[in-house]
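Undergrad: Let me begin by handing over the structure; questions about it come next.
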Amino acid sequence: MSFWEKSTLAVLAGIVLVYGWYGMQVMALVSSGDTDLSAIKWLIFVTIVALIIIVVAAHIVIAILEKKHFGEIDDGYDEREQLIEHRSNSTHTYTLSAGVVITIGFALYDASMFTIVNMLVGFHAVADIVKLSAKLIAYRRGM
Amino acid sequence: MVKKTRITNDIRTLRFMTSEMTQAELAKRVGVTRQTVIAIEQGRYSPSLEVAFQMAEVFNVPIEEVFQYPKENNENGLSENS
């Protein structure tokens, strides 16, 4: 497994973990009837900070584990990596665009700001998960 | 399930015939990662023309000895271009 593949796996795990936690917190707020936008401001902040910390920590661990192979040919970013990145970015764009269109639809039918914000956060997470999964599939299955 | 490309290659054989060159050594000489050489060898990735020509240059053979593009047979068993 190359450095980039491990990196993708680490970021995917981080996103699933952090946004999973975010989703559970939002569900708890909804079930308690607290759907005020101010209630999720801190939640979004904590989610972003937690994601950054987890991703950075995971990369430090990967770098330590890969220390003896540092500078070897598998650390490079070649044409195959670029192609995989471009294709997965394309998948990300389509997923996110679909999410934005659906959210606009909800907004036009008087959805609350709480719903709209959480839909956008949700689609953002889904788009990232789809992108990173597409990358991992491309690494394993080929193109 | 591995998604194979239509392009086939004889890189493994050519590596063996070129002083049993390792995948890492070939990768270094061509300027790609070892993972990419593995993917090309296994038919999971079609390289760019530049990389394909560089590989042929490393093995000192014409490009068609490294990569092949077999003709696809139609329902009658005839090749598309015949």
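Residue numbering restarts at 1 in every chain; chains get A, B, ... in the order shown in the structure tokens, and ligands count up from 1 in that same order.
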Which residues of chain B sit at most 6 Å from chain A, using only C-alpha atoms? Give each one's shortest atom pair and distance in Å (one decimal place), in chain and ascending residue order, as a Markdown table.
TA:
| residue | atom | partner | partner_atom | distance |
| --- | --- | --- | --- | --- |
| B:Val2 | CA | A:Arg141 | CA | 4.4 |
| B:Lys3 | CA | A:Arg141 | CA | 5.5 |
| B:Val32 | CA | A:Asp78 | CA | 5.4 |
| B:Thr33 | CA | A:Asp74 | CA | 4.9 |
| B:Arg34 | CA | A:Asp74 | CA | 5.7 |
| B:Arg44 | CA | A:Gly142 | CA | 4.3 |
| B:Tyr45 | CA | A:Met143 | CA | 5.6 |
Undergrad: Once you have the residues from the selection above, write them out as a PDB file, in the first residue's frame, restricted to C-alpha atoms.
TA:
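To be explicit, this is the file written out as part.pdb:
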ATOM      1  CA  VAL B   2      -9.891  -6.058 -10.894  1.00  0.00           C
ATOM      2  CA  LYS B   3     -10.799  -3.935 -13.914  1.00  0.00           C
ATOM      3  CA  VAL B  32       6.821   6.637 -11.752  1.00  0.00           C
ATOM      4  CA  THR B  33       6.069   4.863  -8.477  1.00  0.00           C
ATOM      5  CA  ARG B  34       6.548   1.139  -7.951  1.00  0.00           C
ATOM      6  CA  ARG B  44      -4.951  -2.397 -14.049  1.00  0.00           C
ATOM      7  CA  TYR B  45      -3.620   0.841 -15.542  1.00  0.00           C
TER       8      TYR B  45
END
Undergrad: Using only C-alpha atoms, find the one residue out of A:Val49, A:Phe114, A:Gly105, A:Lys67 that sits nearest to Asp34 in chain A.
TA: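 Looking only at the distances to Asp34 in chain A, the closest residue turns out to be A:Phe114.
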Undergrad: Give me, as a PyMOL selection string, the residues of chain A that a backbone DSSP run labels alpha helix (DSSP H).
TA: chain A and resi 3-31+38-65+79-108+113-141
Undergrad: Using only C-alpha atoms, determine which residues lie at most 12 Å from Val61 in chain A, disregarding the query and same-chain residues fewer than 6 positions distant; provide the list as number ranges by chain.
TA: A: 3, 6-7, 10, 54-55, 67
Undergrad: Counting only C-alpha atoms, what is within 8 Å of Glu41 in chain B, bar same-chain residues fewer than 5 positions away, as a PyMOL selection string?
TA: chain B and resi 9-12
Undergrad: Using N, CA and C atoms, can you export the residues from the last selection as a tab-separated table (two decimals), in the first residue's frame?
TA:
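Once everything was written out, this is result02.tsv:
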chain	number	residue	atom	x	y	z
B	9	ASN	N	0.69	-6.41	-21.91
B	9	ASN	CA	2.12	-6.07	-21.92
B	9	ASN	C	2.99	-7.26	-21.54
B	10	ASP	N	4.26	-7.13	-21.88
B	10	ASP	CA	5.25	-8.18	-21.57
B	10	ASP	C	6.33	-7.62	-20.65
B	11	ILE	N	5.94	-6.71	-19.79
B	11	ILE	CA	6.93	-6.05	-18.93
B	11	ILE	C	7.64	-7.06	-18.02
B	12	ARG	N	6.86	-7.98	-17.44
B	12	ARG	CA	7.45	-8.96	-16.52
B	12	ARG	C	8.56	-9.76	-17.21
Undergrad: Just want the 8 Å neighbourhood of Lys135 in chain A, counted on only C-alpha atoms, with same-chain residues fewer than 4 positions away dropped. Output as an MDAnalysis selection string.
TA: chainID A and resid 8 84:85 88 131 139
Undergrad: Kindly export the residues of the current selection with C-alpha atoms, as a short mmCIF file (atom, residue, chain, number, x, y, z; two decimals), in the first residue's frame.
TA:
data_model
loop_
_atom_site.label_atom_id
_atom_site.label_comp_id
_atom_site.auth_asym_id
_atom_site.auth_seq_id
_atom_site.Cartn_x
_atom_site.Cartn_y
_atom_site.Cartn_z
CA THR A 8 -6.69 8.38 1.68
CA ILE A 84 -6.97 8.95 -9.77
CA GLU A 85 -7.14 12.39 -8.10
CA SER A 88 -12.27 11.21 -7.81
CA LYS A 131 -14.60 10.83 -3.44
CA TYR A 139 -6.14 2.11 -6.32
#
Undergrad: When you look at Phe59 in chain B with a cut-off of 7 Å (counting only C-alpha atoms), what residues show up, excluding the ones that are within fewer than 2 positions of it in the same chain? I need them as a PyMOL selection string.
TA: chain B and resi 14+18+55-57+61
Undergrad: Extract the full set of strand (DSSP E) residues from chain B according to DSSP on the backbone, and format it as a list in words.
TA: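 Output for chain B, strand (DSSP E) only: Thr8, Asn9, Phe67 and Gln68 of chain B.
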Undergrad: Give me the residues near Gln23 in chain B as a ChimeraX atom specification, where near means some atom within 9 Å (using only C-alpha atoms) and where sequence neighbours in that chain fewer than 4 positions away do not count.
TA: /B:12,15,27-28,34-35,37-38
Undergrad: Generate a file of the selected residues that holds C-alpha atoms, formatted as a PDB file, in the first residue's frame.
TA:
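Dumped everything to part06.pdb:
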ATOM      1  CA  ARG B  12       7.447  -8.955 -16.520  1.00  0.00           C
ATOM      2  CA  ARG B  15      12.315  -7.212 -16.819  1.00  0.00           C
ATOM      3  CA  ALA B  27       9.914   2.632 -11.709  1.00  0.00           C
ATOM      4  CA  LYS B  28      12.929   4.773 -10.840  1.00  0.00           C
ATOM      5  CA  ARG B  34       6.548   1.139  -7.951  1.00  0.00           C
ATOM      6  CA  GLN B  35       2.785   0.892  -7.383  1.00  0.00           C
ATOM      7  CA  VAL B  37       4.621  -0.303 -12.412  1.00  0.00           C
ATOM      8  CA  ILE B  38       2.742  -3.061 -10.536  1.00  0.00           C
TER       9      ILE B  38
END
